[in-house]
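S.K.: File name final14.txt; file contents compact mmCIF, C-alpha atoms and all ligand atoms; full text below.
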```txt
# COMPACT_ATOMS: atom_id res chain seq x y z
CA MET A 1 67.80 53.58 138.46
CA PHE A 2 67.16 57.17 137.38
CA GLU A 3 63.71 57.85 135.98
CA PHE A 4 61.36 60.79 135.48
CA LYS A 5 57.60 60.32 135.51
CA LEU A 6 55.54 63.22 134.22
CA LEU A 7 52.24 62.94 136.12
CA HIS A 8 50.26 66.09 135.23
CA THR A 9 50.59 69.26 133.23
CA ASP A 10 48.72 72.55 133.57
CA GLY A 11 49.78 74.69 130.64
CA PRO A 12 53.59 74.56 130.55
CA ALA A 13 53.68 73.83 134.34
CA ARG A 14 54.57 70.20 135.10
CA ARG A 15 53.99 67.88 138.06
CA GLY A 16 56.29 64.86 138.15
CA GLU A 17 58.49 62.45 140.08
CA VAL A 18 62.25 61.99 139.81
CA HIS A 19 63.30 58.48 140.89
CA THR A 20 66.87 58.10 142.17
CA PRO A 21 68.86 55.40 144.03
CA HIS A 22 68.08 57.18 147.33
CA GLY A 23 64.40 57.81 146.79
CA VAL A 24 61.79 59.82 144.93
CA ILE A 25 61.66 63.60 144.51
CA GLN A 26 58.26 65.19 143.91
CA THR A 27 58.52 67.95 141.30
CA PRO A 28 58.45 70.89 140.94
CA ALA A 29 61.05 70.65 143.72
CA PHE A 30 63.23 73.05 145.66
CA MET A 31 66.64 71.78 146.81
CA PRO A 32 68.18 73.36 149.95
CA VAL A 33 71.90 73.98 149.47
CA GLY A 34 74.24 72.01 151.76
CA THR A 35 77.46 73.61 150.57
CA ARG A 36 80.03 71.70 152.65
CA GLY A 37 77.90 68.69 153.57
CA ALA A 38 75.58 70.71 155.79
CA VAL A 39 72.67 73.04 155.07
CA LYS A 40 73.91 75.98 157.11
CA SER A 41 72.53 76.30 160.67
CA VAL A 42 70.05 73.39 160.46
CA THR A 43 70.50 69.68 161.14
CA GLN A 44 69.66 66.75 158.88
CA ARG A 45 66.81 66.01 161.33
CA ASP A 46 65.40 69.52 160.70
CA LEU A 47 65.58 68.85 156.95
CA GLU A 48 63.76 65.54 157.30
CA ASP A 49 61.10 67.24 159.49
CA LEU A 50 60.76 69.92 156.79
CA ASP A 51 60.24 67.14 154.23
CA ALA A 52 63.18 68.21 152.09
CA GLU A 53 63.42 65.37 149.58
CA ILE A 54 66.81 66.30 148.12
CA ILE A 55 69.70 68.54 149.07
CA LEU A 56 72.59 69.92 147.07
CA GLY A 57 76.30 69.57 147.85
CA ASN A 58 79.05 71.78 146.40
CA THR A 59 81.80 69.79 144.72
CA TYR A 60 84.35 72.64 144.90
CA HIS A 61 84.09 72.92 148.70
CA LEU A 62 83.95 69.16 149.38
CA TYR A 63 86.89 68.51 147.04
CA LEU A 64 89.05 71.05 148.90
CA LYS A 65 87.83 70.01 152.36
CA PRO A 66 87.62 67.24 153.57
CA GLY A 67 88.45 65.85 150.12
CA ASP A 68 86.54 63.51 147.82
CA ALA A 69 88.91 60.57 148.48
CA LEU A 70 88.22 60.78 152.22
CA ILE A 71 84.46 60.90 151.57
CA ALA A 72 84.75 57.87 149.24
CA ARG A 73 86.60 55.95 151.98
CA ALA A 74 83.73 56.84 154.33
CA GLY A 75 81.35 55.18 151.86
CA GLY A 76 80.19 58.25 149.95
CA LEU A 77 78.55 61.55 150.82
CA HIS A 78 75.19 60.09 151.99
CA LYS A 79 76.91 57.94 154.63
CA PHE A 80 79.46 60.58 155.56
CA ILE A 81 76.84 63.25 156.33
CA GLY A 82 74.08 60.92 157.56
CA TRP A 83 71.53 61.91 154.93
CA PRO A 84 69.61 58.97 153.46
CA ARG A 85 67.67 60.90 150.80
CA PRO A 86 68.76 62.07 147.34
CA ILE A 87 71.71 64.43 146.84
CA LEU A 88 72.67 66.51 143.80
CA THR A 89 76.23 67.77 143.44
CA ASP A 90 77.28 70.62 141.19
CA SER A 91 80.48 70.33 139.15
CA GLY A 92 82.52 72.87 141.07
CA GLY A 93 82.70 75.15 138.06
CA TYR A 94 80.53 77.91 139.44
CA GLN A 95 82.61 78.22 142.65
CA VAL A 96 85.84 78.22 140.66
CA PHE A 97 84.46 81.19 138.76
CA SER A 98 83.07 82.98 141.82
CA LEU A 99 85.50 82.12 144.66
CA ALA A 100 88.86 80.88 143.47
CA ALA A 101 91.82 83.15 142.83
CA MET A 102 94.03 83.34 139.74
CA ARG A 103 91.89 81.11 137.60
CA ARG A 104 93.01 80.37 134.07
CA ILE A 105 90.55 78.78 131.68
CA THR A 106 91.82 76.74 128.76
CA ASP A 107 90.24 73.93 126.78
CA ALA A 108 91.97 71.51 129.17
CA GLY A 109 90.00 72.86 132.14
CA ALA A 110 90.00 75.49 134.86
CA GLN A 111 93.26 76.06 136.70
CA PHE A 112 92.82 77.94 139.97
CA ARG A 113 94.17 78.61 143.44
CA SER A 114 92.14 77.49 146.45
CA HIS A 115 90.45 80.33 148.32
CA LEU A 116 91.41 78.45 151.53
CA ASP A 117 95.19 78.00 151.27
CA GLY A 118 96.28 79.22 147.84
CA SER A 119 97.15 75.71 146.62
CA LEU A 120 97.08 75.18 142.85
CA HIS A 121 94.43 72.91 141.27
CA LEU A 122 93.28 71.93 137.81
CA LEU A 123 89.59 71.08 137.45
CA THR A 124 88.97 69.28 134.17
CA PRO A 125 85.66 67.82 132.93
CA GLU A 126 87.06 64.35 133.70
CA ARG A 127 88.19 65.29 137.22
CA ALA A 128 84.85 66.97 138.01
CA THR A 129 83.17 63.69 136.97
CA ASP A 130 85.59 61.56 139.03
CA ILE A 131 85.17 63.74 142.13
CA GLN A 132 81.38 63.45 141.93
CA ALA A 133 81.66 59.68 141.37
CA ARG A 134 83.60 59.44 144.65
CA LEU A 135 81.06 61.65 146.42
CA GLY A 136 78.32 59.37 145.09
CA SER A 137 75.59 61.94 144.64
CA ASP A 138 72.40 60.75 142.92
CA ILE A 139 72.66 63.52 140.34
CA ALA A 140 76.02 64.82 139.07
CA MET A 141 76.48 67.90 136.93
CA VAL A 142 78.90 68.39 134.02
CA LEU A 143 81.68 70.97 134.26
CA ASP A 144 80.67 74.14 132.42
CA GLU A 145 82.13 77.59 131.95
CA CYS A 146 80.13 80.37 133.58
CA VAL A 147 80.37 83.94 132.35
CA ALA A 148 78.99 87.20 133.76
CA SER A 149 75.53 88.26 132.60
CA THR A 150 77.26 91.29 131.09
CA ALA A 151 79.34 89.11 128.71
CA ASP A 152 78.94 90.18 125.08
CA ALA A 153 77.74 87.72 122.45
CA ALA A 154 81.30 86.73 121.45
CA GLY A 155 82.31 86.00 125.06
CA ALA A 156 79.07 84.13 125.71
CA ARG A 157 79.58 82.10 122.52
CA ASP A 158 83.13 81.08 123.46
CA ALA A 159 82.00 79.94 126.92
CA MET A 160 78.96 78.13 125.49
CA GLU A 161 81.03 76.26 122.89
CA ARG A 162 83.66 75.32 125.45
CA SER A 163 80.88 74.13 127.78
CA VAL A 164 79.59 71.83 125.02
CA ARG A 165 83.08 70.37 124.48
CA TRP A 166 83.47 69.90 128.24
CA ALA A 167 79.99 68.31 128.45
CA ALA A 168 81.01 65.70 125.86
CA ARG A 169 84.18 64.88 127.83
CA SER A 170 82.24 64.72 131.12
CA ARG A 171 79.78 62.26 129.57
CA GLN A 172 82.57 60.18 128.02
CA ARG A 173 84.22 59.91 131.43
CA LEU A 174 81.00 58.90 133.17
CA LEU A 175 80.44 56.17 130.56
CA GLU A 176 83.99 54.88 131.20
CA LEU A 177 83.30 54.79 134.94
CA ARG A 178 80.06 52.92 134.32
CA ALA A 179 81.76 50.41 131.99
CA GLY A 180 84.21 49.16 134.60
CA PRO A 181 86.78 49.99 137.25
CA VAL A 182 88.96 53.00 136.54
CA ALA A 183 92.16 53.35 138.57
CA ASP A 184 91.91 55.70 141.56
CA VAL A 185 88.17 56.28 141.18
CA THR A 186 85.89 54.59 143.70
CA VAL A 187 82.33 54.86 142.40
CA THR A 188 80.24 55.08 145.56
CA ASN A 189 76.84 55.30 143.81
CA PRO A 190 76.64 53.19 140.62
CA GLY A 191 73.14 54.55 139.89
CA GLN A 192 74.36 58.15 139.65
CA ALA A 193 72.72 60.20 136.87
CA GLN A 194 74.44 63.05 135.06
CA PHE A 195 72.79 66.27 133.85
CA GLY A 196 74.01 68.40 130.96
CA ILE A 197 73.93 72.19 131.32
CA ILE A 198 72.62 74.68 128.75
CA GLN A 199 74.66 77.90 128.55
CA GLY A 200 74.54 80.90 126.22
CA GLY A 201 73.99 83.88 128.51
CA VAL A 202 71.01 86.07 127.67
CA HIS A 203 71.28 85.34 123.93
CA PRO A 204 68.37 83.20 122.65
CA GLY A 205 70.26 82.03 119.56
CA LEU A 206 73.17 80.75 121.67
CA ARG A 207 70.73 79.05 124.07
CA THR A 208 69.15 77.22 121.11
CA GLU A 209 72.54 76.07 119.81
CA SER A 210 73.65 75.00 123.29
CA ALA A 211 70.44 73.03 123.89
CA GLN A 212 70.73 71.23 120.55
CA ALA A 213 74.40 70.31 121.01
CA THR A 214 73.97 69.23 124.65
CA ILE A 215 70.90 67.10 123.89
CA ASP A 216 72.87 65.48 121.04
CA ILE A 217 75.50 64.32 123.56
CA GLY A 218 72.72 62.68 125.59
CA PHE A 219 72.20 63.02 129.35
CA GLU A 220 69.68 61.71 131.85
CA ALA A 221 68.36 65.28 132.07
CA TYR A 222 69.23 68.92 131.41
CA ALA A 223 69.79 72.08 133.42
CA ILE A 224 69.73 75.74 132.51
CA GLY A 225 72.87 77.41 133.87
CA GLY A 226 74.32 80.89 133.78
CA LEU A 227 71.20 82.71 135.02
CA SER A 228 70.47 84.55 138.29
CA VAL A 229 73.91 86.12 137.97
CA GLY A 230 72.76 89.72 138.09
CA GLU A 231 70.45 90.06 135.09
CA PRO A 232 66.97 91.61 135.63
CA ALA A 233 64.21 89.12 136.51
CA ASP A 234 62.25 89.68 133.29
CA VAL A 235 65.37 88.94 131.21
CA MET A 236 65.87 85.71 133.17
CA TYR A 237 62.20 84.76 132.64
CA ASP A 238 62.55 85.37 128.89
CA VAL A 239 65.64 83.13 128.65
CA VAL A 240 63.91 80.39 130.67
CA GLY A 241 60.74 80.76 128.57
CA HIS A 242 62.85 80.38 125.43
CA THR A 243 65.06 77.52 126.63
CA ALA A 244 62.79 75.21 128.66
CA PRO A 245 60.59 74.19 125.67
CA LEU A 246 63.76 73.20 123.76
CA LEU A 247 64.49 70.50 126.35
CA PRO A 248 63.03 66.97 126.13
CA ALA A 249 59.57 66.82 127.76
CA ASP A 250 60.28 63.37 129.19
CA ARG A 251 63.24 64.57 131.31
CA PRO A 252 63.29 66.88 134.34
CA ARG A 253 64.45 70.45 133.76
CA TYR A 254 66.62 72.07 136.41
CA LEU A 255 67.12 75.83 136.69
CA MET A 256 70.38 76.37 138.57
CA GLY A 257 70.78 78.88 141.38
CA THR A 258 67.31 80.51 141.39
CA GLY A 259 65.88 82.38 143.23
CA MET A 260 63.29 84.56 144.99
CA PRO A 261 59.92 82.91 145.78
CA ASP A 262 58.20 84.70 142.87
CA ASP A 263 60.97 83.45 140.55
CA LEU A 264 60.03 79.87 141.44
CA ILE A 265 56.38 80.43 140.48
CA GLU A 266 57.30 82.24 137.26
CA CYS A 267 59.79 79.58 136.18
CA VAL A 268 57.41 76.69 136.98
CA ALA A 269 55.00 78.59 134.71
CA ARG A 270 57.66 78.25 132.00
CA GLY A 271 58.20 74.50 132.46
CA ILE A 272 60.96 74.19 135.11
CA ASP A 273 60.89 71.17 137.49
CA MET A 274 63.86 71.64 139.86
CA PHE A 275 65.41 74.61 141.67
CA ASP A 276 68.19 75.29 144.15
CA CYS A 277 69.25 78.49 145.87
CA VAL A 278 71.20 79.63 148.93
CA LEU A 279 68.77 82.51 149.36
CA PRO A 280 66.43 81.07 152.05
CA THR A 281 69.32 80.03 154.34
CA ARG A 282 71.61 82.97 153.59
CA ASN A 283 68.84 85.54 154.11
CA ALA A 284 67.79 83.76 157.30
CA ARG A 285 71.29 84.22 158.73
CA ASN A 286 71.08 87.89 157.80
CA GLY A 287 67.79 88.25 159.67
CA GLN A 288 65.51 88.34 156.64
CA LEU A 289 62.44 86.12 156.84
CA LEU A 290 60.70 85.38 153.55
CA THR A 291 56.94 85.27 154.06
CA SER A 292 53.80 85.02 151.96
CA ARG A 293 53.64 88.84 152.05
CA GLY A 294 57.30 89.40 151.29
CA PRO A 295 60.58 89.82 153.16
CA LEU A 296 60.45 90.69 156.87
CA VAL A 297 63.57 92.27 158.37
CA ILE A 298 63.48 90.92 161.91
CA LYS A 299 65.98 93.39 163.44
CA ASN A 300 63.63 96.34 162.86
CA ALA A 301 62.71 98.12 166.10
CA ARG A 302 59.02 97.87 165.24
CA TYR A 303 59.11 94.12 166.02
CA ALA A 304 60.58 94.60 169.51
CA GLU A 305 57.27 93.81 171.23
CA ASP A 306 55.37 92.22 168.35
CA PRO A 307 53.68 89.04 169.64
CA LEU A 308 52.79 87.75 166.15
CA PRO A 309 54.68 84.89 164.49
CA PRO A 310 56.85 85.89 161.48
CA ASP A 311 54.12 84.75 159.08
CA PRO A 312 50.63 84.21 160.57
CA ASP A 313 49.79 82.02 157.54
CA CYS A 314 52.80 79.71 158.03
CA GLY A 315 52.68 76.30 159.74
CA CYS A 316 56.42 75.88 160.39
CA TYR A 317 57.94 75.07 163.78
CA THR A 318 59.23 78.63 164.19
CA CYS A 319 55.90 80.28 163.39
CA ARG A 320 53.95 77.83 165.58
CA HIS A 321 56.11 78.55 168.65
CA PHE A 322 57.81 81.94 168.53
CA SER A 323 57.00 85.62 168.24
CA ARG A 324 58.68 88.27 166.12
CA ALA A 325 59.73 89.91 169.39
CA TYR A 326 61.62 86.78 170.52
CA LEU A 327 63.22 86.20 167.12
CA ARG A 328 64.31 89.86 167.01
CA HIS A 329 65.84 89.52 170.48
CA LEU A 330 67.76 86.36 169.45
CA TYR A 331 69.06 88.04 166.30
CA ILE A 332 70.13 91.26 168.04
CA ALA A 333 71.77 89.23 170.84
CA GLY A 334 73.72 87.22 168.27
CA GLU A 335 72.31 83.88 169.46
CA MET A 336 73.03 80.99 167.06
CA THR A 337 69.43 79.84 167.54
CA ALA A 338 68.34 82.90 165.54
CA ALA A 339 69.95 81.49 162.39
CA THR A 340 68.41 78.07 163.03
CA LEU A 341 64.84 79.27 163.66
CA ASN A 342 64.96 81.76 160.77
CA SER A 343 66.34 79.08 158.41
CA VAL A 344 63.67 76.59 159.47
CA HIS A 345 61.01 79.15 158.58
CA ASN A 346 62.55 80.21 155.26
CA LEU A 347 63.12 76.61 154.13
CA TYR A 348 59.57 75.68 155.14
CA PHE A 349 58.21 78.64 153.19
CA TYR A 350 60.09 77.56 150.05
CA LEU A 351 59.20 73.88 150.40
CA ASP A 352 55.56 74.69 151.23
CA THR A 353 55.34 77.00 148.21
CA MET A 354 56.49 74.08 146.04
CA ARG A 355 53.90 71.80 147.69
CA ARG A 356 51.16 74.31 146.88
CA ILE A 357 52.43 74.61 143.32
CA ARG A 358 52.37 70.80 142.89
CA GLU A 359 48.81 70.60 144.23
CA ALA A 360 47.63 73.42 142.00
CA ILE A 361 49.07 71.74 138.90
CA VAL A 362 47.23 68.50 139.75
CA PHE A 363 43.94 70.38 140.24
CA GLY A 364 44.45 72.55 137.16
CA THR A 365 44.48 75.74 139.26
CA PHE A 366 48.12 76.77 138.80
CA GLU A 367 47.24 80.05 137.02
CA GLN A 368 44.96 80.98 139.92
CA LEU A 369 47.71 80.24 142.46
CA ARG A 370 50.16 82.29 140.39
CA GLN A 371 47.83 85.31 140.37
CA GLU A 372 47.06 85.01 144.09
CA PHE A 373 50.75 84.70 144.91
CA HIS A 374 51.63 87.90 143.06
CA GLN A 375 48.71 89.76 144.68
CA THR A 376 50.06 89.00 148.17
CA PHE A 377 53.84 88.72 147.72
CA SER A 378 56.03 91.79 147.28
CA ARG A 379 59.83 91.89 147.08
CA ARG A 380 59.90 95.09 149.12
CA PRO A 381 60.41 94.48 152.84
CA GLN A 382 57.16 94.74 154.81
CA GLN A 383 56.41 98.15 156.28
ZN ZN B 1 57.13 79.91 159.42
```
Could the structure of this file be written out as structure tokens, please?
Ligand SMILES: [Zn+2]

M.R.:
Amino acid sequence: MFEFKLLHTDGPARRGEVHTPHGVIQTPAFMPVGTRGAVKSVTQRDLEDLDAEIILGNTYHLYLKPGDALIARAGGLHKFIGWPRPILTDSGGYQVFSLAAMRRITDAGAQFRSHLDGSLHLLTPERATDIQARLGSDIAMVLDECVASTADAAGARDAMERSVRWAARSRQRLLELRAGPVADVTVTNPGQAQFGIIQGGVHPGLRTESAQATIDIGFEAYAIGGLSVGEPADVMYDVVGHTAPLLPADRPRYLMGTGMPDDLIECVARGIDMFDCVLPTRNARNGQLLTSRGPLVIKNARYAEDPLPPDPDCGCYTCRHFSRAYLRHLYIAGEMTAATLNSVHNLYFYLDTMRRIREAIVFGTFEQLRQEFHQTFSRRPQQ
């Protein structure tokens, strides 16, 4: 059921299609993050109107609440949340490392206490695979060990080697689930694919070893993990530029948890096909609109009577109907609609940027788009 078709290339930039049991994803693709079965402050109808072709669900959150068994009884995550298009779930590992208390990592897995009620849990590679099988996402991720970008080479090596051992166990478990019924595990999406994750911090040698060992295990596709965790952008670009060409050209390449709009362009330029990030929705809730010229902080007094849309070059619902003055008023007044309208714009901007990237690759003008983008876009808030 899972298939990747590489349609065009323009230098290292790639235009393709990922086929899944719930439909096709045009790549390069951006995946809005629906942490707990909802992309924060927008509805599934908004996402369909925005032409989001895939969303991401967080296994850690869904496992704790409402629970993967409940979601399996409801027929899987697609049915439970009323989203007919593709879904990718992460393994839960990243949230264990960033949210959970008292975590203890051993070769067995990650033992932790829930950030919700303090209850004790053990997330193993097998359990992370089982949970995602019950959720029934189209793309499941292996459990990996994440380390801080400041980890030294020895710490990064330990985590990378453990991630490889965990990847092998995750794959073994998925193959068992595919081979036949396993007690207590309802597989709600038999066509689910599983991606391996390349670790190794900012150390090129470790990234090479991780890529080799993970490819040897054999997955439907591969992701680059452990980046966008605080390292400077140029360091991240170097690691992506080193790692992406090590991955099979006939499989999609997913860069996890990235990033700012200019990161997307720069990483497509290095051969990445799939992205996810909470940034467009999180920043929207904090009143930051991401536009073709850069971030716009809507609460600023200078927008109090500004009749312009957030981004005059944007065709989204928010920009077609509302002024900066109105959006500033909603934000200052604490109206929930502020988060919705800002999120609709930010998601549109991300998804539209990916559309323009895909077009440029087909027409062989990606380099031109990249230059133009950098000429207009600045990370500093607009003055
Ligand atoms: Zn807009």

S.K.: With only C-alpha atoms and all ligand atoms counted, collect every polymer residue having an atom within 10 Å of ligand ZN 1 (chain B); state the result as a PyMOL selection string.

M.R.: chain A and resi 289-292+309-322+341-349+352

S.K.: Show which residues sit within 7 Å of Phe195 of chain A, as a ChimeraX atom specification. Count only C-alpha atoms, and ignore same-chain residues fewer than 6 positions away.

M.R.: /A:140-142,219-223

S.K.: Within 10 Å of Gly191 of chain A, counting only C-alpha atoms, which residues qualify if same-chain residues fewer than 3 places away don't, as a PyMOL selection string?

M.R.: chain A and resi 1-2+20-22+136-139+178+187-188+194

S.K.: Would you please work out which residue, of A:Met256, A:Ile357, A:Leu177, A:Met31, is nearest to Thr129 of chain A when using only C-alpha atoms?

M.R.: A:Leu177

S.K.: Would you please work out which residue, of A:Arg85, A:His19, A:Arg134, A:Arg358, is nearest to Tyr63 of chain A when using all atoms listed in the file?

M.R.: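 Using all atoms listed in the file, Tyr63 of chain A sits closest to A:Arg134.
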
S.K.: Write out as a list in words the residues lying within 8 Å of Pro125 of chain A, counting all atoms listed in the file and excluding same-chain residues fewer than 4 positions away.

M.R.: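 So the residues in contact are Gly109, Thr129, Val142, Leu143, Trp166, Ala167, Arg169 and Ser170 of chain A.
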
S.K.: Using all atoms listed in the file, can you list as a PyMOL selection string the residues within 8 Å of (58.0, 78.8, 133.7)?

M.R.: chain A and resi 12-13+237+240-241+244+265-272

S.K.: Do you have the atom CA of Gly205 of chain A-atom CA of Met274 of chain A distance handy?

M.R.: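 Atom CA of Met274 of chain A lies 23.7 Å from atom CA of Gly205 of chain A.
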
S.K.: Which one of A:Gln382, A:Met354, A:Arg302, A:Val278 sits closest to Phe366 of chain A if you count all atoms listed in the file?

M.R.: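 Ranking A:Gln382, A:Met354, A:Arg302, A:Val278 by distance to Phe366 of chain A, first place goes to A:Met354.
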
S.K.: Step by step: start from the point (85.2, 56.1, 150.6) in the file's coordinates, keep every protein, DNA or RNA residue that has an atom no farther than 10 Å from it, count all atoms listed in the file, and write the set as a VMD selection string.

M.R.: chain A and resid 68 to 77 79 to 80 134 to 136 185 to 188

S.K.: Could you check the closest approach to Ile215 of chain A for each of A:Ala159, A:Gly180, A:Gly200, A:Ala168 and tell me which residue wins, using only C-alpha atoms?

M.R.: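 Among the listed residues, A:Ala168 lies closest to Ile215 of chain A.
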
S.K.: Using all atoms listed in the file, which residues sit within 8 Å of Arg14 of chain A once same-chain residues fewer than 6 positions away are excluded, as a list of chain:residue names?

M.R.: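 Counting all atoms listed in the file, the residues come to A:Leu6, A:Leu7, A:His8, A:Thr27, A:Pro28, A:Val268, A:Gly271, A:Ile272, A:Asp273, A:Ile361.
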
S.K.: When you count only C-alpha atoms, which of these residues is closest to Ala333 of chain A: A:Arg113, A:Lys5, A:Arg173, A:Lys299?

M.R.: A:Lys299

S.K.: Expressed in Å to a single decimal, how great is the separation between atom CA of Ser119 of chain A and atom CA of Leu62 of chain A?

M.R.: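 Separation of atom CA of Ser119 of chain A and atom CA of Leu62 of chain A: 15.0 Å.
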
S.K.: For each of A:Tyr303, A:Phe97, A:Phe275, A:Tyr60, take the minimum atom-to-atom distance to Met260 of chain A, counting all atoms listed in the file, then give the residue where this is smallest.

M.R.: A:Phe275

S.K.: Using the partial input, fill out segment 329-344 of chain A with N, CA and C atoms; write the result as a tab-separated table (two decimals), in the coordinates of the input.

M.R.:
```tsv
chain	number	residue	atom	x	y	z
A	329	HIS	N	64.90	89.55	169.34
A	329	HIS	CA	65.84	89.52	170.48
A	329	HIS	C	67.00	88.55	170.20
A	330	LEU	N	66.70	87.34	169.72
A	330	LEU	CA	67.76	86.36	169.45
A	330	LEU	C	68.74	86.90	168.41
A	331	TYR	N	68.20	87.53	167.38
A	331	TYR	CA	69.06	88.04	166.30
A	331	TYR	C	69.96	89.16	166.81
A	332	ILE	N	69.36	90.11	167.53
A	332	ILE	CA	70.13	91.26	168.04
A	332	ILE	C	71.19	90.78	169.04
A	333	ALA	N	70.84	89.75	169.83
A	333	ALA	CA	71.77	89.23	170.84
A	333	ALA	C	72.86	88.35	170.23
A	334	GLY	N	72.72	88.04	168.93
A	334	GLY	CA	73.72	87.22	168.27
A	334	GLY	C	73.65	85.75	168.66
A	335	GLU	N	72.48	85.30	169.10
A	335	GLU	CA	72.31	83.88	169.46
A	335	GLU	C	72.29	83.03	168.20
A	336	MET	N	73.00	81.89	168.23
A	336	MET	CA	73.03	80.99	167.06
A	336	MET	C	71.64	80.46	166.72
A	337	THR	N	70.80	80.34	167.76
A	337	THR	CA	69.43	79.84	167.54
A	337	THR	C	68.66	80.73	166.55
A	338	ALA	N	69.02	82.00	166.49
A	338	ALA	CA	68.34	82.90	165.54
A	338	ALA	C	68.49	82.37	164.12
A	339	ALA	N	69.72	82.00	163.75
A	339	ALA	CA	69.95	81.49	162.39
A	339	ALA	C	69.16	80.21	162.16
A	340	THR	N	69.12	79.34	163.18
A	340	THR	CA	68.41	78.07	163.03
A	340	THR	C	66.91	78.30	162.83
A	341	LEU	N	66.30	79.08	163.74
A	341	LEU	CA	64.84	79.27	163.66
A	341	LEU	C	64.45	80.03	162.39
A	342	ASN	N	65.27	81.02	162.01
A	342	ASN	CA	64.96	81.76	160.77
A	342	ASN	C	65.11	80.85	159.55
A	343	SER	N	66.13	79.98	159.55
A	343	SER	CA	66.34	79.08	158.41
A	343	SER	C	65.23	78.05	158.32
A	344	VAL	N	64.78	77.55	159.48
A	344	VAL	CA	63.67	76.59	159.47
A	344	VAL	C	62.44	77.23	158.82
```
